[in-house]
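What follows is the content of upload39.pdb (PDB, C-alpha atoms, pLDDT in the B column).
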```
ATOM      1  CA  MET A  20     -10.098  11.016  18.947  1.00 37.00           C
ATOM      2  CA  GLU A  21      -7.925   9.074  16.541  1.00 43.00           C
ATOM      3  CA  SER A  22      -5.090  10.841  14.788  1.00 45.00           C
ATOM      4  CA  ARG A  23      -5.886  11.359  11.124  1.00 49.00           C
ATOM      5  CA  TYR A  24      -3.449  11.759   8.277  1.00 47.00           C
ATOM      6  CA  TYR A  25      -4.318  14.460   5.812  1.00 48.00           C
ATOM      7  CA  LYS A  26      -2.780  15.061   2.421  1.00 50.00           C
ATOM      8  CA  ASP A  27       0.664  16.431   3.235  1.00 54.00           C
ATOM      9  CA  ASP A  28       1.230  14.013   6.086  1.00 82.00           C
ATOM     10  CA  LEU A  29       0.257  11.099   3.853  1.00 86.00           C
ATOM     11  CA  LYS A  30       2.514  12.257   1.037  1.00 87.00           C
ATOM     12  CA  ASP A  31       5.497  12.746   3.349  1.00 88.00           C
ATOM     13  CA  MET A  32       4.880   9.382   4.963  1.00 89.00           C
ATOM     14  CA  ILE A  33       4.777   7.494   1.632  1.00 91.00           C
ATOM     15  CA  LEU A  34       7.733   9.402   0.158  1.00 89.00           C
ATOM     16  CA  ASP A  35       9.775   8.491   3.219  1.00 89.00           C
ATOM     17  CA  MET A  36       8.744   4.813   2.994  1.00 89.00           C
ATOM     18  CA  ALA A  37       9.593   4.653  -0.730  1.00 89.00           C
ATOM     19  CA  ARG A  38      12.931   6.420  -0.257  1.00 85.00           C
ATOM     20  CA  LYS A  39      13.952   3.969   2.478  1.00 85.00           C
ATOM     21  CA  GLU A  40      13.095   0.992   0.281  1.00 81.00           C
ATOM     22  CA  LEU A  41      15.232   2.287  -2.578  1.00 77.00           C
ATOM     23  CA  GLU A  42      18.199   3.332  -0.422  1.00 74.00           C
ATOM     24  CA  ASN A  43      20.518   0.973  -2.295  1.00 67.00           C
ATOM     25  CA  TYR A  44      19.204   1.998  -5.690  1.00 63.00           C
ATOM     26  CA  VAL A  45      21.681   3.576  -8.083  1.00 59.00           C
ATOM     27  CA  SER A  46      19.897   6.799  -8.963  1.00 65.00           C
ATOM     28  CA  GLN A  47      18.725   8.126  -5.593  1.00 74.00           C
ATOM     29  CA  LYS A  48      18.176  11.638  -6.930  1.00 78.00           C
ATOM     30  CA  GLY A  49      16.278  10.409  -9.967  1.00 80.00           C
ATOM     31  CA  ALA A  50      14.059   8.183  -7.838  1.00 84.00           C
ATOM     32  CA  GLN A  51      13.307  10.972  -5.342  1.00 85.00           C
ATOM     33  CA  LYS A  52      12.461  13.394  -8.152  1.00 89.00           C
ATOM     34  CA  TYR A  53      10.146  10.846  -9.765  1.00 89.00           C
ATOM     35  CA  PHE A  54       8.441  10.066  -6.433  1.00 91.00           C
ATOM     36  CA  GLU A  55       7.794  13.732  -5.661  1.00 90.00           C
ATOM     37  CA  GLY A  56       6.484  14.408  -9.167  1.00 93.00           C
ATOM     38  CA  ASN A  57       4.146  11.404  -9.239  1.00 94.00           C
ATOM     39  CA  ILE A  58       2.946  10.903  -5.660  1.00 92.00           C
ATOM     40  CA  ASP A  59      -0.326  12.825  -6.211  1.00 91.00           C
ATOM     41  CA  LYS A  60      -1.216  10.771  -9.283  1.00 93.00           C
ATOM     42  CA  ILE A  61      -0.462   7.489  -7.500  1.00 94.00           C
ATOM     43  CA  ILE A  62      -2.602   8.494  -4.486  1.00 93.00           C
ATOM     44  CA  ASN A  63      -5.437   9.565  -6.821  1.00 92.00           C
ATOM     45  CA  ASP A  64      -5.268   6.265  -8.739  1.00 94.00           C
ATOM     46  CA  TYR A  65      -5.297   4.313  -5.491  1.00 94.00           C
ATOM     47  CA  ILE A  66      -8.349   6.237  -4.213  1.00 92.00           C
ATOM     48  CA  LYS A  67     -10.166   5.598  -7.515  1.00 91.00           C
ATOM     49  CA  LYS A  68      -9.346   1.903  -7.155  1.00 91.00           C
ATOM     50  CA  ILE A  69     -10.579   1.577  -3.543  1.00 89.00           C
ATOM     51  CA  SER A  70     -13.652   3.699  -4.322  1.00 87.00           C
ATOM     52  CA  LYS A  71     -14.745   0.787  -6.515  1.00 86.00           C
ATOM     53  CA  ASP A  72     -14.351  -1.635  -3.595  1.00 82.00           C
ATOM     54  CA  SER A  73     -17.515  -3.110  -2.156  1.00 85.00           C
ATOM     55  CA  ASN A  74     -19.152  -1.449   0.827  1.00 88.00           C
ATOM     56  CA  ILE A  75     -18.344  -4.629   2.747  1.00 91.00           C
ATOM     57  CA  GLN A  76     -14.584  -4.146   2.235  1.00 90.00           C
ATOM     58  CA  LYS A  77     -14.891  -0.461   3.184  1.00 90.00           C
ATOM     59  CA  THR A  78     -16.762  -1.400   6.378  1.00 93.00           C
ATOM     60  CA  TYR A  79     -14.084  -3.969   7.292  1.00 94.00           C
ATOM     61  CA  LEU A  80     -11.297  -1.400   7.014  1.00 92.00           C
ATOM     62  CA  LYS A  81     -13.263   1.276   8.841  1.00 91.00           C
ATOM     63  CA  VAL A  82     -13.918  -1.096  11.770  1.00 95.00           C
ATOM     64  CA  LEU A  83     -10.246  -2.159  11.898  1.00 94.00           C
ATOM     65  CA  LYS A  84      -9.000   1.424  11.896  1.00 91.00           C
ATOM     66  CA  HIS A  85     -11.526   2.692  14.461  1.00 91.00           C
ATOM     67  CA  GLY A  86     -11.127  -0.480  16.524  1.00 93.00           C
ATOM     68  CA  ALA A  87      -7.366   0.015  16.716  1.00 91.00           C
ATOM     69  CA  TYR A  88      -7.868   3.129  18.863  1.00 90.00           C
ATOM     70  CA  GLN A  89     -10.250   1.705  21.445  1.00 93.00           C
ATOM     71  CA  GLU A  90      -9.268   1.405  25.078  1.00 92.00           C
ATOM     72  CA  ASN A  91     -10.902  -1.955  25.698  1.00 94.00           C
ATOM     73  CA  MET A  92     -12.587  -4.922  24.034  1.00 94.00           C
ATOM     74  CA  VAL A  93     -16.085  -3.711  24.942  1.00 94.00           C
ATOM     75  CA  SER A  94     -15.539  -0.501  22.918  1.00 95.00           C
ATOM     76  CA  VAL A  95     -14.337  -2.554  19.928  1.00 96.00           C
ATOM     77  CA  ALA A  96     -17.449  -4.748  20.156  1.00 95.00           C
ATOM     78  CA  LYS A  97     -19.622  -1.599  20.266  1.00 95.00           C
ATOM     79  CA  ILE A  98     -18.049  -0.312  17.014  1.00 95.00           C
ATOM     80  CA  ILE A  99     -18.722  -3.661  15.309  1.00 96.00           C
ATOM     81  CA  ARG A 100     -22.289  -3.813  16.613  1.00 94.00           C
ATOM     82  CA  ASN A 101     -22.995  -0.285  15.359  1.00 94.00           C
ATOM     83  CA  GLN A 102     -22.329  -1.307  11.764  1.00 94.00           C
ATOM     84  CA  GLU A 103     -25.480  -2.208   9.857  1.00 93.00           C
ATOM     85  CA  LEU A 104     -23.540  -4.984   8.082  1.00 94.00           C
ATOM     86  CA  PHE A 105     -22.792  -6.834  11.322  1.00 95.00           C
ATOM     87  CA  LYS A 106     -26.363  -7.030  12.545  1.00 93.00           C
ATOM     88  CA  SER A 107     -26.281 -10.428  10.831  1.00 92.00           C
ATOM     89  CA  LYS A 108     -24.401 -13.344  12.412  1.00 93.00           C
ATOM     90  CA  GLY A 109     -23.515 -14.659   8.926  1.00 93.00           C
ATOM     91  CA  GLU A 110     -21.733 -11.391   8.012  1.00 95.00           C
ATOM     92  CA  LEU A 111     -19.924 -11.374  11.355  1.00 95.00           C
ATOM     93  CA  ILE A 112     -18.643 -14.901  10.622  1.00 95.00           C
ATOM     94  CA  LYS A 113     -17.430 -13.720   7.173  1.00 95.00           C
ATOM     95  CA  PHE A 114     -15.578 -10.847   8.880  1.00 95.00           C
ATOM     96  CA  ALA A 115     -13.991 -13.311  11.331  1.00 95.00           C
ATOM     97  CA  ASN A 116     -12.849 -15.457   8.368  1.00 95.00           C
ATOM     98  CA  TYR A 117     -11.416 -12.354   6.664  1.00 94.00           C
ATOM     99  CA  LEU A 118      -9.367 -11.671   9.815  1.00 94.00           C
ATOM    100  CA  GLY A 119      -8.249 -15.280  10.088  1.00 94.00           C
ATOM    101  CA  VAL A 120     -10.146 -15.737  13.364  1.00 93.00           C
ATOM    102  CA  ASP A 121     -11.309 -19.309  13.875  1.00 92.00           C
ATOM    103  CA  VAL A 122     -14.953 -19.292  14.993  1.00 91.00           C
ATOM    104  CA  ASN A 123     -17.548 -22.011  15.457  1.00 90.00           C
ATOM    105  CA  LYS A 124     -20.654 -21.287  13.386  1.00 90.00           C
ATOM    106  CA  LYS A 125     -22.768 -22.907  16.095  1.00 92.00           C
ATOM    107  CA  ASN A 126     -21.620 -20.321  18.642  1.00 92.00           C
ATOM    108  CA  SER A 127     -23.961 -17.472  19.529  1.00 94.00           C
ATOM    109  CA  TYR A 128     -23.676 -14.010  17.958  1.00 94.00           C
ATOM    110  CA  ASN A 129     -22.228 -12.632  21.208  1.00 94.00           C
ATOM    111  CA  GLN A 130     -19.595 -15.382  21.483  1.00 94.00           C
ATOM    112  CA  ILE A 131     -18.409 -14.706  17.924  1.00 95.00           C
ATOM    113  CA  LEU A 132     -18.488 -10.947  18.530  1.00 96.00           C
ATOM    114  CA  LYS A 133     -16.329 -11.411  21.630  1.00 95.00           C
ATOM    115  CA  LYS A 134     -13.745 -13.457  19.678  1.00 95.00           C
ATOM    116  CA  VAL A 135     -13.555 -10.930  16.828  1.00 96.00           C
ATOM    117  CA  SER A 136     -13.321  -7.978  19.257  1.00 96.00           C
ATOM    118  CA  LYS A 137     -10.575  -9.728  21.210  1.00 95.00           C
ATOM    119  CA  HIS A 138      -8.600 -10.292  17.996  1.00 96.00           C
ATOM    120  CA  ILE A 139      -8.887  -6.647  16.873  1.00 96.00           C
ATOM    121  CA  TYR A 140      -8.048  -5.346  20.347  1.00 96.00           C
ATOM    122  CA  GLY A 141      -5.046  -7.688  20.591  1.00 95.00           C
ATOM    123  CA  ASN A 142      -3.738  -6.554  17.201  1.00 94.00           C
ATOM    124  CA  ARG A 143      -4.574  -2.864  17.532  1.00 91.00           C
ATOM    125  CA  GLY A 144      -0.883  -1.870  17.293  1.00 91.00           C
ATOM    126  CA  SER A 145      -0.434  -3.390  13.834  1.00 91.00           C
ATOM    127  CA  TYR A 146      -3.860  -2.238  12.569  1.00 92.00           C
ATOM    128  CA  SER A 147      -3.248   1.360  13.671  1.00 88.00           C
ATOM    129  CA  LYS A 148       0.033   1.366  11.687  1.00 88.00           C
ATOM    130  CA  LYS A 149      -1.330  -0.484   8.669  1.00 90.00           C
ATOM    131  CA  TYR A 150      -4.245   1.870   7.951  1.00 90.00           C
ATOM    132  CA  VAL A 151      -4.568   5.654   7.918  1.00 88.00           C
ATOM    133  CA  PHE A 152      -7.550   7.964   7.637  1.00 86.00           C
ATOM    134  CA  TYR A 153      -7.511  10.304   4.678  1.00 87.00           C
ATOM    135  CA  LYS A 154     -10.029  13.059   4.065  1.00 83.00           C
ATOM    136  CA  ARG A 155     -10.745  14.658   0.717  1.00 81.00           C
ATOM    137  CA  ASN A 156     -13.714  16.887  -0.141  1.00 79.00           C
ATOM    138  CA  SER A 157     -15.469  15.829   3.087  1.00 78.00           C
ATOM    139  CA  GLN A 158     -15.138  12.202   1.964  1.00 82.00           C
ATOM    140  CA  GLU A 159     -13.212   9.997   4.381  1.00 84.00           C
ATOM    141  CA  TYR A 160     -11.186   6.994   3.243  1.00 88.00           C
ATOM    142  CA  VAL A 161      -9.186   4.311   5.024  1.00 89.00           C
ATOM    143  CA  LEU A 162      -5.955   3.850   3.078  1.00 91.00           C
ATOM    144  CA  GLU A 163      -3.032   1.411   3.270  1.00 92.00           C
ATOM    145  CA  PRO A 164       0.152   3.478   2.806  1.00 92.00           C
ATOM    146  CA  GLU A 165       2.160   0.272   2.228  1.00 93.00           C
ATOM    147  CA  LYS A 166       0.096  -0.484  -0.899  1.00 94.00           C
ATOM    148  CA  ILE A 167       0.428   3.097  -2.187  1.00 94.00           C
ATOM    149  CA  LYS A 168       4.199   2.921  -1.638  1.00 94.00           C
ATOM    150  CA  LYS A 169       4.348  -0.343  -3.646  1.00 94.00           C
ATOM    151  CA  ASP A 170       2.347   1.256  -6.479  1.00 95.00           C
ATOM    152  CA  LEU A 171       4.722   4.243  -6.483  1.00 94.00           C
ATOM    153  CA  ILE A 172       7.854   2.078  -6.594  1.00 90.00           C
ATOM    154  CA  GLU A 173       6.385  -0.225  -9.269  1.00 90.00           C
ATOM    155  CA  SER A 174       5.492   2.819 -11.345  1.00 92.00           C
ATOM    156  CA  TYR A 175       9.064   4.140 -11.005  1.00 89.00           C
ATOM    157  CA  LYS A 176      10.640   0.780 -11.877  1.00 85.00           C
ATOM    158  CA  SER A 177       8.369   0.423 -14.887  1.00 88.00           C
ATOM    159  CA  LYS A 178       9.277   3.916 -16.127  1.00 87.00           C
ATOM    160  CA  THR A 179      13.001   3.337 -15.505  1.00 84.00           C
ATOM    161  CA  ARG A 180      12.828   0.030 -17.341  1.00 85.00           C
ATOM    162  CA  GLY A 181      11.089   1.728 -20.260  1.00 87.00           C
ATOM    163  CA  ASP A 182      13.808   4.400 -20.415  1.00 86.00           C
ATOM    164  CA  MET A 183      16.566   1.772 -20.281  1.00 84.00           C
ATOM    165  CA  LYS A 184      14.870  -0.302 -22.981  1.00 87.00           C
ATOM    166  CA  SER A 185      14.823   2.739 -25.272  1.00 89.00           C
ATOM    167  CA  ILE A 186      18.563   3.339 -24.730  1.00 88.00           C
ATOM    168  CA  ALA A 187      19.336  -0.364 -25.320  1.00 86.00           C
ATOM    169  CA  LYS A 188      17.304  -0.291 -28.539  1.00 88.00           C
ATOM    170  CA  LEU A 189      19.236   2.753 -29.793  1.00 89.00           C
ATOM    171  CA  LEU A 190      22.514   0.928 -29.117  1.00 87.00           C
ATOM    172  CA  ASN A 191      21.253  -2.357 -30.632  1.00 87.00           C
ATOM    173  CA  ILE A 192      21.760  -4.168 -27.328  1.00 85.00           C
ATOM    174  CA  LYS A 193      19.864  -7.416 -27.057  1.00 87.00           C
ATOM    175  CA  ILE A 194      17.640  -7.645 -23.978  1.00 85.00           C
ATOM    176  CA  VAL A 195      15.200 -10.280 -22.765  1.00 85.00           C
ATOM    177  CA  GLU A 196      11.746  -9.731 -21.287  1.00 81.00           C
ATOM    178  CA  GLU A 197      12.881 -10.886 -17.828  1.00 81.00           C
ATOM    179  CA  ASP A 198      15.578  -8.169 -17.633  1.00 82.00           C
ATOM    180  CA  SER A 199      14.926  -5.593 -14.928  1.00 80.00           C
ATOM    181  CA  ALA A 200      15.845  -1.910 -15.304  1.00 78.00           C
ATOM    182  CA  GLU A 201      19.033  -2.654 -13.361  1.00 79.00           C
ATOM    183  CA  ASP A 202      19.948  -5.594 -15.646  1.00 84.00           C
ATOM    184  CA  ILE A 203      19.476  -3.448 -18.747  1.00 85.00           C
ATOM    185  CA  ARG A 204      21.467  -0.604 -17.198  1.00 81.00           C
ATOM    186  CA  LYS A 205      24.393  -2.991 -16.592  1.00 86.00           C
ATOM    187  CA  LYS A 206      24.231  -4.196 -20.206  1.00 87.00           C
ATOM    188  CA  VAL A 207      24.266  -0.592 -21.428  1.00 86.00           C
ATOM    189  CA  ILE A 208      27.262   0.295 -19.209  1.00 87.00           C
ATOM    190  CA  ASN A 209      29.165  -2.840 -20.305  1.00 87.00           C
ATOM    191  CA  TYR A 210      28.465  -2.008 -23.941  1.00 84.00           C
ATOM    192  CA  ILE A 211      29.704   1.592 -23.527  1.00 87.00           C
ATOM    193  CA  ILE A 212      32.872   0.403 -21.726  1.00 88.00           C
ATOM    194  CA  LYS A 213      33.587  -2.189 -24.456  1.00 85.00           C
ATOM    195  CA  GLU A 214      33.073   0.470 -27.134  1.00 81.00           C
ATOM    196  CA  LYS A 215      35.467   2.854 -25.360  1.00 79.00           C
ATOM    197  CA  VAL A 216      38.106   0.129 -24.933  1.00 82.00           C
ATOM    198  CA  ALA A 217      37.753  -0.881 -28.586  1.00 77.00           C
ATOM    199  CA  LYS A 218      38.186   2.760 -29.746  1.00 77.00           C
ATOM    200  CA  LYS A 219      41.214   3.168 -27.487  1.00 75.00           C
ATOM    201  CA  ASN A 220      42.872   0.096 -28.984  1.00 72.00           C
ATOM    202  CA  HIS A 221      42.404   1.343 -32.561  1.00 63.00           C
TER     203      HIS A 221
END
```
In structure tokens, write the structure found in this file.
Amino acid sequence: MESRYYKDDLKDMILDMARKELENYVSQKGAQKYFEGNIDKIINDYIKKISKDSNIQKTYLKVLKHGAYQENMVSVAKIIRNQELFKSKGELIKFANYLGVDVNKKNSYNQILKKVSKHIYGNRGSYSKKYVFYKRNSQEYVLEPEKIKKDLIESYKSKTRGDMKSIAKLLNIKIVEEDSAEDIRKKVINYIIKEKVAKKNH
């Protein structure tokens, strides 16, 4: 049976991914503290978001995740065939397009199924890493940790930028909309240094 990530595993996995991405960031401790304090909220928001996804999208991800653990192409094809959605050749062609698999619409259902199965089987390594199973209250989801990590980092950068903007405003430092948190932080530090130098020279 496939390995499944449950809550703590998922949290640890995303925290580790986010920490690695911000290794060169100035406030490592601050970032880590923010990540740990907000990871649950970010996961919850992400689940709410994907819960609104269409059943078609959910079926696609489920097939990719289950398909990534099959031992041969025939087993992958069986998983696809078992989905109500893919009883129709038209829906199977849409799935192929979603995966970037070039299929001829004139081909038979079985020929298209074979091509799609071959693609999933050939890419099972990347699909098994890209998606994880997550269970909550007997409800099972297929999540993309990479997307959750991005949401977490964006949330942190947005908060940091907000904090820096407040400090800049207090010090009457002019900032522009394009300034990142790091840009504003540099302006604040430069301002404080100039102020110190000016006081020293008086």
Nearby residues (only C-alpha atoms) at most 12 Å from A:Gln130, same-chain spacing under 5 positions excluded, as a PyMOL selection string
chain A and resi 96+108+111-112+115+121-125+135-137
Check which residues of stretch 39-95 of chain A sit at most 12 Å from stretch 172-179 of chain A using only C-alpha atoms, and return one row each with the closest pair of atoms and their distance in Å to one decimal, ordered by chain and rising number, as a Markdown table.
```
| residue | atom | partner | partner_atom | distance |
| --- | --- | --- | --- | --- |
| A:Lys39 | CA | A:Ile172 | CA | 11.1 |
| A:Glu40 | CA | A:Ile172 | CA | 8.7 |
| A:Leu41 | CA | A:Ile172 | CA | 8.4 |
| A:Tyr44 | CA | A:Lys176 | CA | 10.6 |
| A:Val45 | CA | A:Thr179 | CA | 11.4 |
| A:Ser46 | CA | A:Thr179 | CA | 10.1 |
| A:Gln47 | CA | A:Tyr175 | CA | 11.8 |
| A:Gly49 | CA | A:Thr179 | CA | 9.6 |
| A:Ala50 | CA | A:Tyr175 | CA | 7.2 |
| A:Gln51 | CA | A:Tyr175 | CA | 9.8 |
| A:Lys52 | CA | A:Tyr175 | CA | 10.3 |
| A:Tyr53 | CA | A:Tyr175 | CA | 6.9 |
| A:Phe54 | CA | A:Tyr175 | CA | 7.5 |
| A:Glu55 | CA | A:Tyr175 | CA | 11.1 |
| A:Gly56 | CA | A:Tyr175 | CA | 10.7 |
| A:Asn57 | CA | A:Ser174 | CA | 8.9 |
| A:Ile58 | CA | A:Ile172 | CA | 10.1 |
| A:Lys60 | CA | A:Ser174 | CA | 10.6 |
| A:Ile61 | CA | A:Ser174 | CA | 8.5 |
| A:Asp64 | CA | A:Ser174 | CA | 11.6 |
```
| message | Using the chain letters and numbers from this file, what does the PyMOL selection byres ((chain A and resi 82) around 12) select? Give the answer as a PyMOL selection string. | response | chain A and resi 75-81+83-89+94-105+111+114+118+135-136+139-140+143+146-147+150+152+161
Between atom CA of A:Gly141 and atom CA of A:Asn126 lies a distance of 20.9 Å
Separating atom CA of A:Lys213 from atom CA of A:Ala187, to the nearest tenth of an Å, is a gap of 14.4 Å
Judged by all atoms listed in the file, the minimum distance to A:Arg38 among A:Leu171, A:Ile203, A:Ile208, A:Val216 is found for A:Leu171
